[in-house]
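Here's the structure, in structure tokens; my notes come after.
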Amino acid sequence: MDRTFSEPDFREVCQNLYDGIHITDGEGVIVFINDAYTRTTGIRPEQVLGRRVSEIEGLLYKGSVTGQVLKTKKRVNSMATILELGKEVLVTGTPVFDEAGNIKLVVTNTRDFPELKRLEHQLHTLTEERKKVHQELAFLRRQQAGGRELVYRSEAMESVMELVRTVAQTDVTVLITGESGTGKELIANELYQGSARRDKPFIKVNCAAIPAELLESELFGYEEGAFTGARRSGKAGMFELADTGMILLDEIGDMPLTLQTKLLRVLQQRELIRVGGSRPVKLDLRVVAATNKNLREEVRQGRFREDLYYRLNVVPIELKPLRERQTDIPLLAERFCRDFCKKYGRDMRITPDGLQLLTEYPWPGNIRELENLIERLIVTNGEGGAVTRGHVLAALSSSGSFHGSSAAAGTLKQQVSAYEREIVLQAVKREGSIRRAAKALGVDHSTLVKKLRQYGLAEAEQHGE
């Protein structure tokens, strides 16, 4: 419904404005000031109403813009001084014309200059803090994604890195597979660092480390009241936090079947629905998954959705175990040695015979086991100097990698044979069959059977095929 505002309405509006309002007629006679004007200047209505601006210029204030507006018939901005308070204010005078084009009113806005300076300072402070936060966030992202440089010499790793460099600039979904400790997270870091999303969020989720009952809300978020204890405002999940960036779903093979359907929706439609919600949330992110499980076998066993497997396996990257990348072992060992010497303030090196023994050991725990062993060697050899074959042998024995007195004495060939016997036995026990153990160790079934007979492991042969 149309309603024409009356003069009292306009006065009420003016009284509720934050800025000080000073109004004169076309002759420069003051007809109105609001409460904000009095608050800002200390000038009361009875001091100015009905008086010409020219009469009080130089008495109450200096720098009025009313005369300039009447003369130029244009808006004028200037600084004025309130004499009694000795303070500066920002004034803006605006002409209001009648139908004949004559000025009938001059409306002047008065803003407290110190308040503007305070707001300007506050804005500057917030801008600097925001800049600092962005710098810290960028630093933390770089630390998270680029904390360690990849070291390799083997053809197997060169092939992997060539593929990584090829797909990093795309948004294609990548599935990284390999035994525990082979460096799957480092490959994900390389994909992130080589992409156009490297300055955006990079969220890493270990699907095996989060309890199944919490994983859904952690990944997909939840709405207010979704469950007992839910936050009043709801919560964004890991996928939403990774929006515009990249998410790594580590140990994807451990994701419950019930959540695999929701993950499939994210991959297919790039959207999700929070727990307890109904509104789709659009996403712009890259998904990279990693696992140490054989997902084909998991699909066959009914523990992993086949359609999800194919959605994840667009570009597969398989990392070979360290025992199949022997040329990488000396490089890695020396790199770890330098890193831990720097960390613990030591000056040590690994001798050639020490590196040789490290190279011949099969490393069932892969790079992670090697790294842990080198750290132990650095911190336990307080005298510094060289890390010899004897030091390496003692560290391997004390870690439980090898057992029995035969592992602590004899020629290198004898010791390596003892170590191989232990690895073969543990592999068969762990895998439950000779055939699966042979596959895990990267040897033929017949070769492993010969090894078992050579080392007199009749009990292991009872595991059969």
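Scheme for the structure tokens: letters A, B, ... for chains in order shown; per-chain residue numbers from 1; ligand numbers from 1 in order shown.
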Next on the checklist: Using DSSP assignments from the backbone, pull out every residue in region 216-425 of chain A that falls under alpha helix (DSSP H) and give it to me as a ChimeraX atom specification.
Outcome noted: /A:216-220,238-241,257-269,295-300,306-312,328-344,352-360,366-380,389-398,412-425
Checklist entry - What's the 7 Å shell around Ile33 (chain A), counting only C-alpha atoms, without same-chain residues fewer than 6 positions away, as a ChimeraX atom specification? => result /A:21-23,45
Please produce a file of the residues just selected, as an mmCIF file, in the first residue's frame, where the atoms kept are C-alpha atoms.
data_model
loop_
_atom_site.group_PDB
_atom_site.id
_atom_site.type_symbol
_atom_site.label_atom_id
_atom_site.label_comp_id
_atom_site.auth_asym_id
_atom_site.auth_seq_id
_atom_site.Cartn_x
_atom_site.Cartn_y
_atom_site.Cartn_z
ATOM 1 C CA ILE A 21 22.455 15.567 10.049
ATOM 2 C CA HIS A 22 22.512 19.366 9.637
ATOM 3 C CA ILE A 23 19.855 20.889 7.310
ATOM 4 C CA PRO A 45 19.625 22.703 18.732
#
Next on the checklist: If you run DSSP on the backbone here, which positions in region 41-125 of chain A get strand (DSSP E or B)? Please write them as JSON, numbers by chain.
Outcome noted: {"A": [52, 57, 61, 62, 76, 77, 78, 79, 80, 81, 82, 87, 88, 89, 90, 91, 92, 93, 94, 95, 96, 97, 103, 104, 105, 106, 107, 108, 109, 110, 111, 112]}
Saved selection, atoms kept: C-alpha atoms, as a PDB file, in the first residue's frame:
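Below is the file that was written, selection-v6.pdb:
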ATOM      1  CA  ARG A  52      22.247  31.534   9.345  1.00  0.00           C
ATOM      2  CA  GLU A  57      30.851  30.246  11.133  1.00  0.00           C
ATOM      3  CA  TYR A  61      32.705  25.664  13.955  1.00  0.00           C
ATOM      4  CA  LYS A  62      35.008  26.427  11.084  1.00  0.00           C
ATOM      5  CA  VAL A  76      30.893  19.288  -1.463  1.00  0.00           C
ATOM      6  CA  ASN A  77      33.165  17.236   0.803  1.00  0.00           C
ATOM      7  CA  SER A  78      35.445  18.877   3.331  1.00  0.00           C
ATOM      8  CA  MET A  79      36.973  18.756   6.795  1.00  0.00           C
ATOM      9  CA  ALA A  80      35.468  21.008   9.474  1.00  0.00           C
ATOM     10  CA  THR A  81      36.645  21.852  12.985  1.00  0.00           C
ATOM     11  CA  ILE A  82      34.388  21.966  16.049  1.00  0.00           C
ATOM     12  CA  LYS A  87      38.077  18.076  16.971  1.00  0.00           C
ATOM     13  CA  GLU A  88      37.922  17.482  13.243  1.00  0.00           C
ATOM     14  CA  VAL A  89      34.872  16.052  11.492  1.00  0.00           C
ATOM     15  CA  LEU A  90      34.210  15.000   7.922  1.00  0.00           C
ATOM     16  CA  VAL A  91      31.292  16.925   6.373  1.00  0.00           C
ATOM     17  CA  THR A  92      29.438  16.281   3.113  1.00  0.00           C
ATOM     18  CA  GLY A  93      26.938  18.885   1.912  1.00  0.00           C
ATOM     19  CA  THR A  94      24.303  17.860  -0.645  1.00  0.00           C
ATOM     20  CA  PRO A  95      21.853  20.235  -2.416  1.00  0.00           C
ATOM     21  CA  VAL A  96      18.130  19.410  -2.684  1.00  0.00           C
ATOM     22  CA  PHE A  97      16.375  21.185  -5.574  1.00  0.00           C
ATOM     23  CA  ILE A 103      18.103  24.910  -4.004  1.00  0.00           C
ATOM     24  CA  LYS A 104      15.474  24.519  -1.333  1.00  0.00           C
ATOM     25  CA  LEU A 105      17.557  22.567   1.211  1.00  0.00           C
ATOM     26  CA  VAL A 106      21.188  21.769   1.946  1.00  0.00           C
ATOM     27  CA  VAL A 107      21.633  18.480   3.817  1.00  0.00           C
ATOM     28  CA  THR A 108      25.002  18.050   5.489  1.00  0.00           C
ATOM     29  CA  ASN A 109      26.226  14.707   6.855  1.00  0.00           C
ATOM     30  CA  THR A 110      28.727  15.016   9.689  1.00  0.00           C
ATOM     31  CA  ARG A 111      30.971  12.085  10.539  1.00  0.00           C
ATOM     32  CA  ASP A 112      33.272  11.909  13.516  1.00  0.00           C
TER      33      ASP A 112
END
Sorted per-residue table, region 313-350 of chain A near region 167-178 of chain A, closest atoms and distance, 9 Å, only C-alpha atoms, as a Markdown table:
| residue | atom | partner | partner_atom | distance |
| --- | --- | --- | --- | --- |
| A:Asn313 | CA | A:Leu175 | CA | 5.2 |
| A:Val314 | CA | A:Thr173 | CA | 5.8 |
| A:Val315 | CA | A:Val174 | CA | 4.8 |
| A:Pro316 | CA | A:Leu175 | CA | 4.9 |
| A:Ile317 | CA | A:Ile176 | CA | 4.7 |
| A:Glu318 | CA | A:Thr177 | CA | 4.8 |
| A:Leu319 | CA | A:Gly178 | CA | 4.9 |
| A:Lys320 | CA | A:Gly178 | CA | 6.4 |
| A:Pro321 | CA | A:Gly178 | CA | 7.0 |
With N, CA and C atoms kept, could you save the residues just selected as a PDB file, in the first residue's frame?
ATOM      1  N   ASN A 313      39.526 -46.179  -9.455  1.00  0.00           N
ATOM      2  CA  ASN A 313      40.675 -46.724 -10.173  1.00  0.00           C
ATOM      3  C   ASN A 313      40.808 -46.146 -11.584  1.00  0.00           C
ATOM      4  N   VAL A 314      40.515 -44.853 -11.755  1.00  0.00           N
ATOM      5  CA  VAL A 314      40.637 -44.230 -13.071  1.00  0.00           C
ATOM      6  C   VAL A 314      42.104 -44.229 -13.505  1.00  0.00           C
ATOM      7  N   VAL A 315      42.973 -43.744 -12.618  1.00  0.00           N
ATOM      8  CA  VAL A 315      44.416 -43.819 -12.863  1.00  0.00           C
ATOM      9  C   VAL A 315      45.043 -44.562 -11.683  1.00  0.00           C
ATOM     10  N   PRO A 316      45.410 -45.833 -11.865  1.00  0.00           N
ATOM     11  CA  PRO A 316      46.053 -46.577 -10.774  1.00  0.00           C
ATOM     12  C   PRO A 316      47.553 -46.297 -10.716  1.00  0.00           C
ATOM     13  N   ILE A 317      48.061 -46.117  -9.508  1.00  0.00           N
ATOM     14  CA  ILE A 317      49.504 -45.974  -9.294  1.00  0.00           C
ATOM     15  C   ILE A 317      49.915 -47.013  -8.263  1.00  0.00           C
ATOM     16  N   GLU A 318      50.704 -47.981  -8.700  1.00  0.00           N
ATOM     17  CA  GLU A 318      51.141 -49.062  -7.802  1.00  0.00           C
ATOM     18  C   GLU A 318      52.577 -48.807  -7.367  1.00  0.00           C
ATOM     19  N   LEU A 319      52.804 -48.817  -6.052  1.00  0.00           N
ATOM     20  CA  LEU A 319      54.144 -48.632  -5.508  1.00  0.00           C
ATOM     21  C   LEU A 319      54.727 -50.004  -5.155  1.00  0.00           C
ATOM     22  N   LYS A 320      55.870 -50.294  -5.720  1.00  0.00           N
ATOM     23  CA  LYS A 320      56.535 -51.564  -5.449  1.00  0.00           C
ATOM     24  C   LYS A 320      57.108 -51.557  -4.035  1.00  0.00           C
ATOM     25  N   PRO A 321      57.175 -52.710  -3.392  1.00  0.00           N
ATOM     26  CA  PRO A 321      57.796 -52.770  -2.064  1.00  0.00           C
ATOM     27  C   PRO A 321      59.285 -52.482  -2.162  1.00  0.00           C
TER      28      PRO A 321
END
Residue contacts of Arg335 (chain A) (12 Å, only C-alpha atoms) excluding same-chain residues fewer than 6 positions away, as a compact mmCIF listing (two decimals) with N, CA and C atoms, in the first residue's frame:
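Written output follows (selection.txt):
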# COMPACT_ATOMS: atom_id res chain seq x y z
N ARG A 148 58.47 -33.71 2.91
CA ARG A 148 59.61 -34.58 2.62
C ARG A 148 59.79 -34.74 1.11
N GLU A 149 61.03 -34.67 0.70
CA GLU A 149 61.36 -34.82 -0.72
C GLU A 149 61.50 -36.30 -1.05
N LEU A 150 60.94 -36.69 -2.18
CA LEU A 150 61.06 -38.07 -2.62
C LEU A 150 62.49 -38.35 -3.10
N VAL A 151 63.03 -39.48 -2.65
CA VAL A 151 64.39 -39.88 -3.04
C VAL A 151 64.28 -41.25 -3.70
N TYR A 152 64.80 -41.36 -4.92
CA TYR A 152 64.70 -42.65 -5.62
C TYR A 152 65.73 -42.71 -6.75
N ASP A 328 67.11 -48.06 -4.46
CA ASP A 328 66.65 -46.89 -3.70
C ASP A 328 67.12 -46.92 -2.25
N ILE A 329 67.46 -48.12 -1.75
CA ILE A 329 67.76 -48.26 -0.32
C ILE A 329 68.96 -47.42 0.12
N CYS A 341 70.68 -36.86 11.77
CA CYS A 341 71.88 -36.21 12.33
C CYS A 341 71.59 -34.73 12.59
N LYS A 342 70.91 -34.10 11.66
CA LYS A 342 70.55 -32.69 11.83
C LYS A 342 69.57 -32.52 12.99
N MET A 348 77.31 -38.28 11.75
CA MET A 348 77.50 -39.71 11.51
C MET A 348 77.29 -40.01 10.03
N ARG A 349 77.83 -41.15 9.61
CA ARG A 349 77.63 -41.63 8.24
C ARG A 349 77.54 -43.15 8.28
N ILE A 350 76.96 -43.71 7.22
CA ILE A 350 76.82 -45.17 7.14
C ILE A 350 77.93 -45.70 6.24
N ILE A 367 59.74 -48.59 3.58
CA ILE A 367 60.47 -47.36 3.88
C ILE A 367 60.31 -46.95 5.34
N LEU A 370 62.72 -48.84 7.41
CA LEU A 370 64.08 -48.34 7.19
C LEU A 370 64.29 -47.02 7.92
N GLU A 371 63.33 -46.12 7.83
CA GLU A 371 63.45 -44.83 8.50
C GLU A 371 63.58 -45.00 10.01
N ILE A 374 67.08 -46.35 10.93
CA ILE A 374 68.14 -45.34 10.84
C ILE A 374 68.05 -44.38 12.02
N GLU A 375 66.85 -44.00 12.40
CA GLU A 375 66.72 -43.11 13.56
C GLU A 375 67.26 -43.79 14.82
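Coordinates place CA of Ala188 (chain A) at a distance of 17.0 Å from CA of Lys293 (chain A).
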Checklist entry - Which neighbours of Glu7 (chain A) fall inside 12 Å, counting only C-alpha atoms, when residues of the same chain fewer than 6 positions from it are skipped, and could you give them as a list in words? => result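 The neighbour list is Val13, Cys14 and Phe32 of chain A.
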Next on the checklist: Please list as a list of chain:residue names every residue within 7 Å of Val29 (chain A), counting only C-alpha atoms and excluding residues in the same chain fewer than 4 positions away.
Outcome noted: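 Skipping anything fewer than 4 positions along the chain leaves A:Thr24, A:Asp25, A:Gly50, A:Arg51, A:Arg52, A:Val53.
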Item to check | From A:Asn292, A:Thr38, A:Ser154, A:Gln454, residue lying nearest Gln15 (chain A) [only C-alpha atoms] | outcome: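 So, comparing all the options, the nearest one is A:Thr38.
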As an mmCIF file with N, CA and C atoms, in the first residue's frame, please: the residues near Glu298 (chain A) (cut-off 12 Å, only C-alpha atoms, same-chain neighbours under 4 positions excluded).
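Final file, around31.cif:
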data_model
loop_
_atom_site.group_PDB
_atom_site.id
_atom_site.type_symbol
_atom_site.label_atom_id
_atom_site.label_comp_id
_atom_site.auth_asym_id
_atom_site.auth_seq_id
_atom_site.Cartn_x
_atom_site.Cartn_y
_atom_site.Cartn_z
ATOM 1 N N ILE A 252 41.435 -46.578 2.094
ATOM 2 C CA ILE A 252 40.066 -46.596 1.576
ATOM 3 C C ILE A 252 39.460 -47.987 1.643
ATOM 4 N N GLY A 253 40.298 -49.015 1.640
ATOM 5 C CA GLY A 253 39.802 -50.383 1.705
ATOM 6 C C GLY A 253 39.112 -50.711 3.008
ATOM 7 N N ASP A 254 39.304 -49.845 4.041
ATOM 8 C CA ASP A 254 38.674 -50.071 5.341
ATOM 9 C C ASP A 254 37.374 -49.293 5.508
ATOM 10 N N MET A 255 36.923 -48.605 4.463
ATOM 11 C CA MET A 255 35.671 -47.841 4.568
ATOM 12 C C MET A 255 34.483 -48.802 4.595
ATOM 13 N N PRO A 256 33.558 -48.631 5.561
ATOM 14 C CA PRO A 256 32.388 -49.515 5.638
ATOM 15 C C PRO A 256 31.543 -49.444 4.366
ATOM 16 N N LEU A 257 30.903 -50.547 4.033
ATOM 17 C CA LEU A 257 30.063 -50.608 2.839
ATOM 18 C C LEU A 257 28.967 -49.551 2.850
ATOM 19 N N THR A 291 45.443 -47.331 -0.572
ATOM 20 C CA THR A 291 45.163 -48.532 0.218
ATOM 21 C C THR A 291 46.317 -49.515 0.105
ATOM 22 N N ASN A 292 46.485 -50.332 1.157
ATOM 23 C CA ASN A 292 47.456 -51.421 1.101
ATOM 24 C C ASN A 292 46.759 -52.755 0.847
ATOM 25 N N LYS A 293 45.448 -52.684 0.605
ATOM 26 C CA LYS A 293 44.688 -53.904 0.340
ATOM 27 C C LYS A 293 44.539 -54.131 -1.165
ATOM 28 N N ASN A 294 44.276 -55.376 -1.508
ATOM 29 C CA ASN A 294 43.958 -55.741 -2.885
ATOM 30 C C ASN A 294 42.462 -55.510 -3.075
ATOM 31 N N GLY A 302 33.106 -59.342 -1.540
ATOM 32 C CA GLY A 302 31.890 -58.605 -1.194
ATOM 33 C C GLY A 302 32.094 -57.536 -0.142
ATOM 34 N N ARG A 303 33.351 -57.155 0.099
ATOM 35 C CA ARG A 303 33.637 -56.140 1.124
ATOM 36 C C ARG A 303 33.857 -54.747 0.527
ATOM 37 N N PHE A 304 33.854 -54.667 -0.817
ATOM 38 C CA PHE A 304 34.047 -53.366 -1.454
ATOM 39 C C PHE A 304 33.201 -53.318 -2.723
ATOM 40 N N ARG A 305 32.518 -52.198 -2.910
ATOM 41 C CA ARG A 305 31.625 -52.063 -4.054
ATOM 42 C C ARG A 305 32.417 -52.044 -5.367
ATOM 43 N N GLU A 306 31.957 -52.832 -6.317
ATOM 44 C CA GLU A 306 32.655 -52.901 -7.597
ATOM 45 C C GLU A 306 32.576 -51.575 -8.343
ATOM 46 N N LEU A 308 32.271 -48.587 -7.103
ATOM 47 C CA LEU A 308 33.147 -47.615 -6.451
ATOM 48 C C LEU A 308 34.610 -47.888 -6.812
ATOM 49 N N TYR A 309 34.968 -49.163 -6.880
ATOM 50 C CA TYR A 309 36.343 -49.514 -7.245
ATOM 51 C C TYR A 309 36.711 -48.926 -8.601
#
